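This report concerns only the one structure given below.
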Amino acid sequence: MSKLLNVILTCALIACLAFIYETNPYLFKKKAAVNNYQKTINIANAQAKLARIHCTDEATKKYDSTTGESMKAADEANQCMTNLIVKELGKGFAIEYQDDLYNDIFYLQQMVTKLNADYYYLNAYCKDNCGTLGNQLWRGNLLDANEKILAQLIFLNTNQNPY
């Protein structure tokens with residue numbers, strides 16, 4: 001008997017909550033805003049990932065699979081991502097701020113490049129053993145950073161509110 005009573009009370013509680021939601025959705029506004037925020041972030045991340053795939057595919061079509069050609073393709077893919085970043089900057093920022101923001105992003109890209117190039121090429125385990133491989137690996141990490149930057153800008157331009 002008590003299990004049946006629990007089921008009935010649970011159903012009644014669910015029905016009451018549904019009624020409250022339907023008649024007063026403002027009580028649930030915060031949750032809806034959080035879900036919308038997360039949905040917008042997910043969309044921005046997906047768009048940035050698609051942009052990266054597009055840039056990488058377009059660049060790799062032009063070059064063969066040798067190490068030197070792969071480095072050229074990776075550099076071209078990163079330039080493609082940088083162009084998309086600049087385009088997104090143009091959508092969400094007044095022209096007087098765009099140069100400073102681009103310079104900040106360019107500086108960040110340089111730091112990612114330097115850190116990862118040093119990490120892959122100058123460490124004690126790689127010294128005199130890695131050949132050109134250390135010169136190639138950081139390019140993928142720069143693509144990761146560019147994808148994150150692009151996703152943040154897409155999110156800002158879509159959401160039109162940084163919070």
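Chain lettering (A, B, ...) mirrors the order of the structure tokens, residue numbering begins at 1 for each chain separately, and ligand numbering begins at 1 in order of display.
The residue set within 12 Å of Leu84 of chain A, counting only C-alpha atoms and dropping same-chain residues fewer than 4 places from it, reads Gln47, Ala48, Leu50, Ala51, Arg52, His54, Cys55, Ala77, Asn78, Gln79, Cys80, Glu88, Leu89, Gly90, Lys91, Tyr102, Asn146, Glu147, Ile149, Leu150, Ala151, Leu153 and Ile154 of chain A.
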Option closest in space to Asp57 of chain A, from A:Ala74, A:Ile95, A:Val112, A:Cys130 [counting only C-alpha atoms]:
A:Ala74
Å distance separating atom CA of Asn157 of chain A from atom CA of Asn141 of chain A, one decimal place:
24.5 Å
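Our summary of the geometry notes that atom CA of Phe93 of chain A is positioned 10.8 Å from atom CA of Gln160 of chain A.
For Glu76 of chain A, the non-local neighbours within 9 Å, defined as residues at least 3 positions apart in the same chain or in other chains and counting only C-alpha atoms, are Cys55, Thr56, Glu58, Ala59, Thr60, Met71, Lys72, Ala73, Gln79, Cys80 and Met81 of chain A.
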Could you take the residues named above and write them with C-alpha atoms, as a compact mmCIF listing (two decimals), in the first residue's frame?
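Output file selection_39.txt is given in full below:
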# COMPACT_ATOMS: atom_id res chain seq x y z
CA CYS A 55 40.49 24.99 -43.38
CA THR A 56 42.49 21.80 -42.88
CA GLU A 58 41.25 22.86 -48.14
CA ALA A 59 44.93 23.20 -47.23
CA THR A 60 45.76 19.50 -47.41
CA MET A 71 54.05 21.85 -42.74
CA LYS A 72 52.96 24.15 -45.58
CA ALA A 73 49.43 22.74 -45.40
CA GLN A 79 46.20 31.24 -41.81
CA CYS A 80 42.68 30.28 -42.89
CA MET A 81 41.64 30.10 -39.21
Find the spatial neighbours of Trp138 of chain A, counting only C-alpha atoms, within a cut-off of 7 Å - ignore same-chain residues fewer than 6 positions away - and output them as a list of chain:residue names.
A:Thr113, A:Asn116, A:Ala117
Fewer than 5 positions away in the same chain doesn't count, so skip those; otherwise give me all residues within 9 Å of Phe155 of chain A, counting only C-alpha atoms, as a compact mmCIF listing (two decimals) with N, CA and C atoms, in the first residue's frame.
# COMPACT_ATOMS: atom_id res chain seq x y z
N THR A 40 24.23 27.83 -26.78
CA THR A 40 24.95 28.76 -27.65
C THR A 40 26.44 28.45 -27.66
N ILE A 41 26.99 28.10 -26.49
CA ILE A 41 28.41 27.71 -26.43
C ILE A 41 28.64 26.47 -27.28
N ASN A 42 27.77 25.49 -27.15
CA ASN A 42 27.92 24.25 -27.92
C ASN A 42 27.85 24.51 -29.42
N ILE A 43 26.96 25.39 -29.83
CA ILE A 43 26.84 25.74 -31.25
C ILE A 43 28.12 26.43 -31.73
N ALA A 44 28.62 27.37 -30.93
CA ALA A 44 29.85 28.08 -31.30
C ALA A 44 31.03 27.12 -31.41
N ASN A 45 31.15 26.19 -30.46
CA ASN A 45 32.23 25.20 -30.51
C ASN A 45 32.11 24.33 -31.76
N LEU A 150 38.37 31.24 -32.08
CA LEU A 150 37.25 31.41 -33.00
C LEU A 150 35.93 31.06 -32.33
N GLN A 160 25.67 37.77 -28.22
CA GLN A 160 25.68 39.24 -28.09
C GLN A 160 25.68 39.67 -26.63
N ASN A 161 26.30 38.85 -25.81
CA ASN A 161 26.44 39.14 -24.38
C ASN A 161 27.55 38.23 -23.88
N PRO A 162 28.64 38.78 -23.33
CA PRO A 162 29.76 37.93 -22.93
C PRO A 162 29.49 37.08 -21.69
Would you return as a count of residues only the members of segment 49-141 of chain A that DSSP assigns to helix (DSSP H, G or I) on this structure's backbone?
75
